[in-house]
Amino acid sequence: MRRVSIFGATGSVGQNTIDLIDRNPAAYEVVALTGGSNIEKLADDARRLKADLAVTAYENRLEDLRTALSGSGVEAAAGQAALTEAAARPVDWVMSAIVGAAGLPPGLEALKQGATLALANKETLVCAGPLVLETARKYNARLLPVDSEHSAVFQALVGEDIRSVERIIITASGGAFRDWPLSELAGATVEQASSHPNWNMGQRITIDSASMFNKALEVIETREFFGVSPDQIEVVIHPESIVHSLVGFNDGAVMAHMGAPDMRHAIGYALHWPDRQDLPVDRLNLTKLGQLRFQDPDEARFPALRLARNVMQRGGLSGAVFNAAKERALDLFIAHRISFPEMAWIVESVLDRFESSDGLLDASLTLDNVLQTDHLARKWAEEAVMQKAG
Ligand code: NAD
Ligand code: MG
């Protein structure tokens, strides 16, 4: 039996992970499940999977969770500290599927107990890549990618020497607004941005796909995860989302990873690694697909990609600033306080303000500094909007 914990169990990746575990419950001992405000789903899953512990991120929901779990024998806990404590419970495998920088502290804690960390939460590496990799090394823990692009690259690299890699090509669907006239983006609504052409995901990553901030985070994640240089990473728009990413080698060969757009593939690969096991995903029918298209991303439409390149060049705490400003800008867009294109404008102005504030981006990369930087970047994102509004 493998002991597993799932962080962000009530979300899109979390539920896909539970779907796989539900298909073979005898193989797993579920230790901790965590969620947010969907107490009912969290409690139902914790009961069914006989988890030891269920944690909600919200302290004021502890009583609700206790009530929902009464008589089940599942322990209840709440709050950010409880999340981190849950990550310290001994397990073999942890799914990191909280959305946002909130996934970083429990992720680091899971590495400190030497668990295998399946990383859907891309923010972990964007905010604190070197710290995360160093922690994994120090505690002999393993990181496995779950983002579909990174899982694809990871699979293409099996048996290869990273030194023979010339380039990594990350594919992007182009999101909801790929074919919109540029002039109409200012009028894009939250609802329009929340529908993805190919993938069924949480609302935040879906909107990030429309703005390409998701791809921008993934480019940084690629650099951190695989240790390649920024100029080795390319992004190509691929509307069908069938090729999940590609690796080009020094002999000109290119290995592409293909499959149906279903996160259970990447999650299952990380769950069963280094083995492959049967997964309930659709099989590809290439002749039915007929054709696969590829095109260059339009940088005017997607400034996020340019900002990601600046961040990789700048290093230090700029990844934490980039992510936090983006998270706050996204909150503001969802709250109808700013327009869709203003998100990128806010992120750029917060990055500029940090750049011109002596030493802020060059403080050492500790968890405390990342969290403080995150806090300040969110505050400055808010201030940027207030100033613009006059
Ligand atoms: P989601 O919004 O569907 O679920 C997020 C989960 O995190 C929920 O369980 C929620 O309760 C929890 N959560 C939210 N805020 C929290 C906080 N402050 N503290 C603790 N828990 C909190 O998100 P998702 O689409 O499943 O994405 C999860 C992560 O995986 C993100 O980092 C996303 O970028 C990444 N990812 C998702 C997909 C996908 O298919 N959905 C694909 C690749 C990568
Ligand atoms: Mg992805």
# chains A, B, ... in the order shown; residues from 1 in each chain; ligands from 1
$ residues_near_ligand --ligand "ligand 1" --cutoff "7 Å" --atoms "only C-alpha atoms and all ligand atoms" --output "JSON, numbers by chain"
{"A": [7, 8, 9, 10, 11, 12, 13, 14, 34, 35, 36, 37, 38, 57, 80, 97, 98, 99, 100, 102, 103, 120, 121, 122, 123, 146, 147, 148, 199, 200, 201, 202, 203, 204, 205, 263]}
$ select_by_dssp --residues "stretch 194-292 of chain A" --states "alpha helix (DSSP H)" --output "PyMOL selection string"
chain A and resi 203-211+213-226+263-272+286-289
$ write_last_selection --atoms "N, CA and C atoms" --output "short mmCIF file (atom, residue, chain, number, x, y, z; two decimals), in the first residue's frame"
data_model
loop_
_atom_site.label_atom_id
_atom_site.label_comp_id
_atom_site.auth_asym_id
_atom_site.auth_seq_id
_atom_site.Cartn_x
_atom_site.Cartn_y
_atom_site.Cartn_z
N GLN A 203 -10.96 27.62 -12.79
CA GLN A 203 -11.20 28.91 -13.44
C GLN A 203 -9.92 29.74 -13.58
N ARG A 204 -9.07 29.73 -12.55
CA ARG A 204 -7.91 30.63 -12.58
C ARG A 204 -6.94 30.25 -13.70
N ILE A 205 -6.61 28.98 -13.81
CA ILE A 205 -5.67 28.56 -14.86
C ILE A 205 -6.32 28.71 -16.25
N THR A 206 -7.63 28.62 -16.30
CA THR A 206 -8.31 28.79 -17.60
C THR A 206 -8.17 30.24 -18.08
N ILE A 207 -8.36 31.19 -17.18
CA ILE A 207 -8.18 32.60 -17.56
C ILE A 207 -6.71 32.86 -17.87
N ASP A 208 -5.83 32.25 -17.07
CA ASP A 208 -4.39 32.40 -17.35
C ASP A 208 -4.02 31.81 -18.71
N SER A 209 -4.77 30.86 -19.19
CA SER A 209 -4.50 30.32 -20.52
C SER A 209 -4.90 31.33 -21.59
N ALA A 210 -6.00 32.03 -21.35
CA ALA A 210 -6.46 33.03 -22.32
C ALA A 210 -5.47 34.19 -22.42
N SER A 211 -4.83 34.54 -21.31
CA SER A 211 -3.86 35.66 -21.30
C SER A 211 -2.45 35.17 -21.60
N PHE A 213 -0.63 33.93 -19.46
CA PHE A 213 0.16 33.95 -18.24
C PHE A 213 0.45 32.51 -17.80
N ASN A 214 -0.48 31.61 -18.10
CA ASN A 214 -0.22 30.20 -17.77
C ASN A 214 1.03 29.71 -18.50
N LYS A 215 1.12 30.05 -19.79
CA LYS A 215 2.29 29.60 -20.58
C LYS A 215 3.55 30.29 -20.07
N ALA A 216 3.42 31.56 -19.69
CA ALA A 216 4.56 32.30 -19.15
C ALA A 216 5.08 31.61 -17.88
N LEU A 217 4.17 31.22 -17.01
CA LEU A 217 4.58 30.50 -15.79
C LEU A 217 5.24 29.17 -16.18
N GLU A 218 4.70 28.53 -17.19
CA GLU A 218 5.24 27.22 -17.60
C GLU A 218 6.63 27.33 -18.21
N VAL A 219 6.90 28.43 -18.90
CA VAL A 219 8.24 28.62 -19.46
C VAL A 219 9.25 28.73 -18.31
N ILE A 220 8.90 29.49 -17.29
CA ILE A 220 9.79 29.63 -16.12
C ILE A 220 9.92 28.28 -15.41
N GLU A 221 8.78 27.58 -15.30
CA GLU A 221 8.78 26.25 -14.67
C GLU A 221 9.71 25.30 -15.44
N THR A 222 9.71 25.41 -16.76
CA THR A 222 10.56 24.56 -17.60
C THR A 222 12.03 24.82 -17.30
N ARG A 223 12.35 26.10 -17.21
CA ARG A 223 13.74 26.47 -16.93
C ARG A 223 14.18 25.89 -15.58
N GLU A 224 13.32 26.03 -14.58
CA GLU A 224 13.69 25.57 -13.24
C GLU A 224 13.74 24.04 -13.19
N PHE A 225 12.71 23.41 -13.75
CA PHE A 225 12.62 21.96 -13.62
C PHE A 225 13.74 21.24 -14.36
N PHE A 226 14.01 21.66 -15.57
CA PHE A 226 14.97 20.92 -16.40
C PHE A 226 16.36 21.56 -16.44
N MET A 263 -5.97 15.43 -18.12
CA MET A 263 -4.93 15.53 -17.09
C MET A 263 -4.65 14.20 -16.39
N ARG A 264 -5.58 13.25 -16.52
CA ARG A 264 -5.33 11.97 -15.84
C ARG A 264 -4.13 11.25 -16.43
N HIS A 265 -3.73 11.62 -17.64
CA HIS A 265 -2.51 11.01 -18.16
C HIS A 265 -1.28 11.47 -17.35
N ALA A 266 -1.09 12.79 -17.27
CA ALA A 266 0.10 13.32 -16.57
C ALA A 266 0.05 12.97 -15.07
N ILE A 267 -1.14 13.02 -14.49
CA ILE A 267 -1.28 12.67 -13.06
C ILE A 267 -0.94 11.19 -12.87
N GLY A 268 -1.50 10.34 -13.74
CA GLY A 268 -1.26 8.90 -13.64
C GLY A 268 0.21 8.55 -13.86
N TYR A 269 0.84 9.28 -14.78
CA TYR A 269 2.26 9.01 -15.03
C TYR A 269 3.07 9.29 -13.76
N ALA A 270 2.75 10.41 -13.10
CA ALA A 270 3.47 10.77 -11.86
C ALA A 270 3.11 9.82 -10.71
N LEU A 271 1.88 9.32 -10.73
CA LEU A 271 1.44 8.41 -9.66
C LEU A 271 2.12 7.05 -9.78
N HIS A 272 2.29 6.56 -11.00
CA HIS A 272 2.82 5.20 -11.19
C HIS A 272 4.30 5.17 -11.52
N LEU A 286 -5.44 9.20 -35.05
CA LEU A 286 -4.76 10.24 -35.83
C LEU A 286 -5.49 10.54 -37.14
N THR A 287 -6.02 9.52 -37.79
CA THR A 287 -6.68 9.80 -39.07
C THR A 287 -7.97 10.59 -38.84
N LYS A 288 -8.61 10.35 -37.70
CA LYS A 288 -9.82 11.13 -37.40
C LYS A 288 -9.44 12.60 -37.13
N LEU A 289 -8.28 12.78 -36.46
CA LEU A 289 -7.82 14.15 -36.21
C LEU A 289 -7.47 14.87 -37.51
#
$ select_by_dssp --residues "stretch 45-289 of chain A" --states "strand (DSSP E or B)" --output "PyMOL selection string"
chain A and resi 53-56+75-78+93-96+116-119+142-145+165-172+233-237+243-249+254-258
$ write_last_selection --atoms "N, CA and C atoms" --output "compact mmCIF listing (two decimals), in the first residue's frame"
# COMPACT_ATOMS: atom_id res chain seq x y z
N LEU A 53 -6.93 12.45 7.77
CA LEU A 53 -7.05 13.87 8.08
C LEU A 53 -7.62 14.64 6.89
N ALA A 54 -8.52 15.60 7.19
CA ALA A 54 -8.99 16.52 6.15
C ALA A 54 -8.73 17.94 6.64
N VAL A 55 -8.22 18.80 5.74
CA VAL A 55 -7.89 20.17 6.13
C VAL A 55 -8.54 21.15 5.17
N THR A 56 -9.25 22.13 5.71
CA THR A 56 -9.70 23.24 4.88
C THR A 56 -8.74 24.42 5.08
N GLU A 75 -9.97 13.00 11.11
CA GLU A 75 -9.61 14.19 11.87
C GLU A 75 -9.85 15.43 11.01
N ALA A 76 -10.26 16.54 11.63
CA ALA A 76 -10.47 17.79 10.89
C ALA A 76 -9.48 18.85 11.35
N ALA A 77 -9.01 19.68 10.42
CA ALA A 77 -8.13 20.79 10.77
C ALA A 77 -8.36 21.92 9.77
N ALA A 78 -7.89 23.13 10.12
CA ALA A 78 -8.13 24.29 9.26
C ALA A 78 -7.01 25.31 9.36
N TRP A 93 3.92 9.67 -1.29
CA TRP A 93 3.62 10.47 -2.48
C TRP A 93 2.65 11.58 -2.14
N VAL A 94 2.94 12.78 -2.60
CA VAL A 94 2.07 13.93 -2.34
C VAL A 94 1.70 14.59 -3.66
N MET A 95 0.41 14.83 -3.87
CA MET A 95 -0.02 15.63 -5.01
C MET A 95 -0.12 17.09 -4.57
N SER A 96 0.63 17.96 -5.24
CA SER A 96 0.58 19.39 -4.96
C SER A 96 -0.34 20.05 -5.98
N THR A 116 7.88 11.87 -2.38
CA THR A 116 7.84 12.24 -3.80
C THR A 116 6.76 13.29 -3.96
N LEU A 117 7.13 14.42 -4.55
CA LEU A 117 6.17 15.51 -4.72
C LEU A 117 5.76 15.61 -6.18
N ALA A 118 4.51 15.26 -6.45
CA ALA A 118 3.96 15.39 -7.80
C ALA A 118 3.46 16.82 -7.94
N LEU A 119 4.09 17.58 -8.82
CA LEU A 119 3.91 19.02 -8.84
C LEU A 119 2.98 19.49 -9.95
N ARG A 142 11.97 13.47 -4.20
CA ARG A 142 11.88 13.53 -5.66
C ARG A 142 10.73 14.44 -6.09
N LEU A 143 11.00 15.21 -7.13
CA LEU A 143 9.97 16.05 -7.74
C LEU A 143 9.55 15.41 -9.06
N LEU A 144 8.26 15.29 -9.29
CA LEU A 144 7.78 14.80 -10.59
C LEU A 144 6.82 15.83 -11.17
N PRO A 145 6.94 16.10 -12.46
CA PRO A 145 6.05 17.11 -13.05
C PRO A 145 4.66 16.55 -13.32
N VAL A 165 20.31 17.88 -25.11
CA VAL A 165 19.09 18.63 -25.45
C VAL A 165 19.47 19.99 -26.02
N GLU A 166 18.93 20.28 -27.19
CA GLU A 166 19.20 21.56 -27.83
C GLU A 166 18.11 22.56 -27.45
N ARG A 167 16.87 22.09 -27.46
CA ARG A 167 15.75 23.00 -27.17
C ARG A 167 14.55 22.23 -26.66
N ILE A 168 13.72 22.96 -25.93
CA ILE A 168 12.46 22.40 -25.44
C ILE A 168 11.35 23.26 -26.03
N ILE A 169 10.40 22.62 -26.68
CA ILE A 169 9.31 23.36 -27.31
C ILE A 169 8.02 23.09 -26.55
N ILE A 170 7.54 24.14 -25.90
CA ILE A 170 6.33 24.04 -25.09
C ILE A 170 5.14 24.43 -25.97
N THR A 171 4.13 23.59 -26.02
CA THR A 171 2.96 23.92 -26.83
C THR A 171 1.92 24.66 -26.00
N ALA A 172 1.14 25.47 -26.68
CA ALA A 172 0.08 26.26 -26.03
C ALA A 172 -1.14 26.24 -26.92
N ILE A 233 14.29 27.54 -24.65
CA ILE A 233 12.86 27.25 -24.49
C ILE A 233 12.05 28.03 -25.52
N GLU A 234 11.27 27.32 -26.30
CA GLU A 234 10.42 27.96 -27.31
C GLU A 234 8.96 27.68 -26.97
N VAL A 235 8.10 28.58 -27.44
CA VAL A 235 6.66 28.37 -27.26
C VAL A 235 6.02 28.35 -28.64
N VAL A 236 5.17 27.39 -28.87
CA VAL A 236 4.48 27.34 -30.16
C VAL A 236 2.98 27.12 -29.91
N ILE A 237 2.18 27.86 -30.64
CA ILE A 237 0.72 27.69 -30.52
C ILE A 237 0.31 26.44 -31.31
N VAL A 243 -0.31 17.47 -29.21
CA VAL A 243 1.12 17.39 -28.90
C VAL A 243 1.32 18.19 -27.62
N HIS A 244 1.74 17.51 -26.55
CA HIS A 244 1.77 18.19 -25.24
C HIS A 244 3.07 18.95 -25.02
N SER A 245 4.09 18.66 -25.74
CA SER A 245 5.36 19.41 -25.81
C SER A 245 6.38 18.55 -26.53
N LEU A 246 7.54 19.15 -26.85
CA LEU A 246 8.56 18.45 -27.64
C LEU A 246 9.96 18.77 -27.12
N VAL A 247 10.87 17.83 -27.36
CA VAL A 247 12.27 18.06 -27.02
C VAL A 247 13.10 17.87 -28.29
N GLY A 248 13.94 18.87 -28.59
CA GLY A 248 14.84 18.78 -29.74
C GLY A 248 16.25 18.46 -29.27
N PHE A 249 16.90 17.48 -29.92
CA PHE A 249 18.23 17.04 -29.50
C PHE A 249 19.30 17.55 -30.47
N VAL A 254 13.62 15.28 -32.96
CA VAL A 254 12.65 15.93 -32.07
C VAL A 254 11.69 14.86 -31.56
N MET A 255 11.59 14.75 -30.24
CA MET A 255 10.65 13.80 -29.64
C MET A 255 9.42 14.58 -29.19
N ALA A 256 8.25 14.17 -29.70
CA ALA A 256 7.01 14.82 -29.31
C ALA A 256 6.20 13.87 -28.44
N HIS A 257 5.52 14.40 -27.47
CA HIS A 257 4.62 13.59 -26.65
C HIS A 257 3.20 13.92 -27.06
N MET A 258 2.42 12.89 -27.41
CA MET A 258 1.06 13.12 -27.87
C MET A 258 0.07 12.36 -27.02
$ closest_residue --among "A:Asp331, A:Asp262, A:Glu382, A:Asp374" --to "ligand 2" --atoms "only C-alpha atoms and all ligand atoms"
A:Asp262
$ closest_residue --among "A:Glu342, A:Glu40, A:Glu134, A:Asp19" --to "A:Leu365" --atoms "only C-alpha atoms"
A:Glu134
$ residues_around --residues "A:Val385" --least-positions-apart "4" --cutoff "12 Å" --atoms "only C-alpha atoms" --output "list in words"
Ala325, Arg328, Ala329, Leu332, Phe333, Arg337, Ile338, Ser339, Glu342, Met343, Ala344, Trp345, Ile346, Val347, Ser349, Val350, Arg378, Lys379, Trp380, Ala381, Ala389 and Gly390 of chain A
$ write_last_selection --atoms "N, CA and C atoms" --output "PDB file, in the first residue's frame"
ATOM      1  N   ALA A 325       1.964  39.332  -8.502  1.00  0.00           N
ATOM      2  CA  ALA A 325       1.299  40.440  -9.196  1.00  0.00           C
ATOM      3  C   ALA A 325       0.252  39.875 -10.150  1.00  0.00           C
ATOM      4  N   ARG A 328      -2.806  38.711  -8.148  1.00  0.00           N
ATOM      5  CA  ARG A 328      -3.644  39.844  -7.711  1.00  0.00           C
ATOM      6  C   ARG A 328      -4.367  40.453  -8.912  1.00  0.00           C
ATOM      7  N   ALA A 329      -3.672  40.582 -10.032  1.00  0.00           N
ATOM      8  CA  ALA A 329      -4.306  41.131 -11.236  1.00  0.00           C
ATOM      9  C   ALA A 329      -5.474  40.240 -11.667  1.00  0.00           C
ATOM     10  N   LEU A 332      -8.431  40.867  -9.526  1.00  0.00           N
ATOM     11  CA  LEU A 332      -9.078  42.130  -9.893  1.00  0.00           C
ATOM     12  C   LEU A 332      -9.881  41.985 -11.177  1.00  0.00           C
ATOM     13  N   PHE A 333      -9.371  41.202 -12.113  1.00  0.00           N
ATOM     14  CA  PHE A 333     -10.126  40.957 -13.343  1.00  0.00           C
ATOM     15  C   PHE A 333     -11.402  40.166 -13.020  1.00  0.00           C
ATOM     16  N   ARG A 337     -12.891  44.591 -11.779  1.00  0.00           N
ATOM     17  CA  ARG A 337     -12.311  45.913 -11.472  1.00  0.00           C
ATOM     18  C   ARG A 337     -11.331  46.377 -12.536  1.00  0.00           C
ATOM     19  N   ILE A 338     -10.815  45.463 -13.338  1.00  0.00           N
ATOM     20  CA  ILE A 338      -9.905  45.858 -14.427  1.00  0.00           C
ATOM     21  C   ILE A 338     -10.273  45.061 -15.675  1.00  0.00           C
ATOM     22  N   SER A 339      -9.754  45.531 -16.811  1.00  0.00           N
ATOM     23  CA  SER A 339     -10.039  44.831 -18.067  1.00  0.00           C
ATOM     24  C   SER A 339      -9.018  43.705 -18.273  1.00  0.00           C
ATOM     25  N   GLU A 342      -5.441  44.808 -19.004  1.00  0.00           N
ATOM     26  CA  GLU A 342      -4.814  45.506 -17.872  1.00  0.00           C
ATOM     27  C   GLU A 342      -4.060  44.556 -16.944  1.00  0.00           C
ATOM     28  N   MET A 343      -4.375  43.287 -16.995  1.00  0.00           N
ATOM     29  CA  MET A 343      -3.645  42.335 -16.137  1.00  0.00           C
ATOM     30  C   MET A 343      -2.147  42.387 -16.446  1.00  0.00           C
ATOM     31  N   ALA A 344      -1.804  42.326 -17.720  1.00  0.00           N
ATOM     32  CA  ALA A 344      -0.381  42.338 -18.090  1.00  0.00           C
ATOM     33  C   ALA A 344       0.251  43.687 -17.744  1.00  0.00           C
ATOM     34  N   TRP A 345      -0.526  44.745 -17.935  1.00  0.00           N
ATOM     35  CA  TRP A 345      -0.014  46.083 -17.606  1.00  0.00           C
ATOM     36  C   TRP A 345       0.342  46.166 -16.112  1.00  0.00           C
ATOM     37  N   ILE A 346      -0.525  45.638 -15.258  1.00  0.00           N
ATOM     38  CA  ILE A 346      -0.271  45.662 -13.804  1.00  0.00           C
ATOM     39  C   ILE A 346       0.993  44.873 -13.471  1.00  0.00           C
ATOM     40  N   VAL A 347       1.099  43.676 -14.023  1.00  0.00           N
ATOM     41  CA  VAL A 347       2.258  42.836 -13.708  1.00  0.00           C
ATOM     42  C   VAL A 347       3.543  43.537 -14.116  1.00  0.00           C
ATOM     43  N   SER A 349       4.051  46.774 -14.432  1.00  0.00           N
ATOM     44  CA  SER A 349       4.375  47.947 -13.623  1.00  0.00           C
ATOM     45  C   SER A 349       4.859  47.533 -12.226  1.00  0.00           C
ATOM     46  N   VAL A 350       4.356  46.417 -11.693  1.00  0.00           N
ATOM     47  CA  VAL A 350       4.860  45.954 -10.387  1.00  0.00           C
ATOM     48  C   VAL A 350       6.306  45.461 -10.533  1.00  0.00           C
ATOM     49  N   ARG A 378       1.539  41.931  -4.190  1.00  0.00           N
ATOM     50  CA  ARG A 378       0.067  42.019  -4.274  1.00  0.00           C
ATOM     51  C   ARG A 378      -0.391  43.427  -3.901  1.00  0.00           C
ATOM     52  N   LYS A 379       0.260  43.991  -2.881  1.00  0.00           N
ATOM     53  CA  LYS A 379      -0.093  45.336  -2.424  1.00  0.00           C
ATOM     54  C   LYS A 379       0.199  46.352  -3.538  1.00  0.00           C
ATOM     55  N   TRP A 380       1.344  46.202  -4.165  1.00  0.00           N
ATOM     56  CA  TRP A 380       1.719  47.147  -5.220  1.00  0.00           C
ATOM     57  C   TRP A 380       0.850  46.972  -6.470  1.00  0.00           C
ATOM     58  N   ALA A 381       0.370  45.777  -6.698  1.00  0.00           N
ATOM     59  CA  ALA A 381      -0.554  45.557  -7.824  1.00  0.00           C
ATOM     60  C   ALA A 381      -1.823  46.363  -7.578  1.00  0.00           C
ATOM     61  N   ALA A 389      -6.459  54.645 -11.802  1.00  0.00           N
ATOM     62  CA  ALA A 389      -7.827  55.157 -11.716  1.00  0.00           C
ATOM     63  C   ALA A 389      -7.819  56.621 -11.288  1.00  0.00           C
ATOM     64  N   GLY A 390      -6.643  57.100 -10.762  1.00  0.00           N
ATOM     65  CA  GLY A 390      -6.491  58.487 -10.364  1.00  0.00           C
ATOM     66  C   GLY A 390      -7.074  58.701  -8.991  1.00  0.00           C
TER      67      GLY A 390
END
$ residues_around --residues "A:Leu185" --least-positions-apart "5" --cutoff "12 Å" --atoms "only C-alpha atoms" --output "count of residues only"
18
$ atom_distance --atom1 "atom CA of A:Arg2" --atom2 "atom CA of A:Tyr139"
19.5 Å
$ residues_around --residues "A:Met1" --least-positions-apart "4" --cutoff "10 Å" --atoms "only C-alpha atoms" --output "count of residues only"
7
$ closest_residue --among "A:Leu42, A:Leu307, A:Ala335, A:Val4" --to "A:Asn323" --atoms "only C-alpha atoms"
A:Leu307
$ closest_residue --among "A:Met212, A:Pro90, A:Ala101, A:Ser357" --to "A:Ala304" --atoms "only C-alpha atoms"
A:Met212
$ residues_around --residues "A:Leu371" --least-positions-apart "5" --cutoff "9 Å" --atoms "only C-alpha atoms" --output "list in words"
Ala101, Ala320, Thr366 and Leu376 of chain A
$ write_last_selection --atoms "C-alpha atoms" --output "compact mmCIF listing (two decimals), in the first residue's frame"
# COMPACT_ATOMS: atom_id res chain seq x y z
CA ALA A 101 1.62 30.58 -4.26
CA ALA A 320 7.79 35.53 -6.87
CA THR A 366 14.27 31.89 1.60
CA LEU A 376 4.32 43.33 -1.18
$ atom_distance --atom1 "atom CA of A:Cys127" --atom2 "atom CA of A:Glu327"
12.0 Å
$ closest_residue --among "A:Asp231, A:Gln155, A:Leu317, A:His196" --to "A:Asp275" --atoms "only C-alpha atoms"
A:Gln155
$ closest_residue --among "A:Glu85, A:Asp45, A:Glu109, A:Asp278" --to "A:Ser72" --atoms "only C-alpha atoms"
A:Asp45
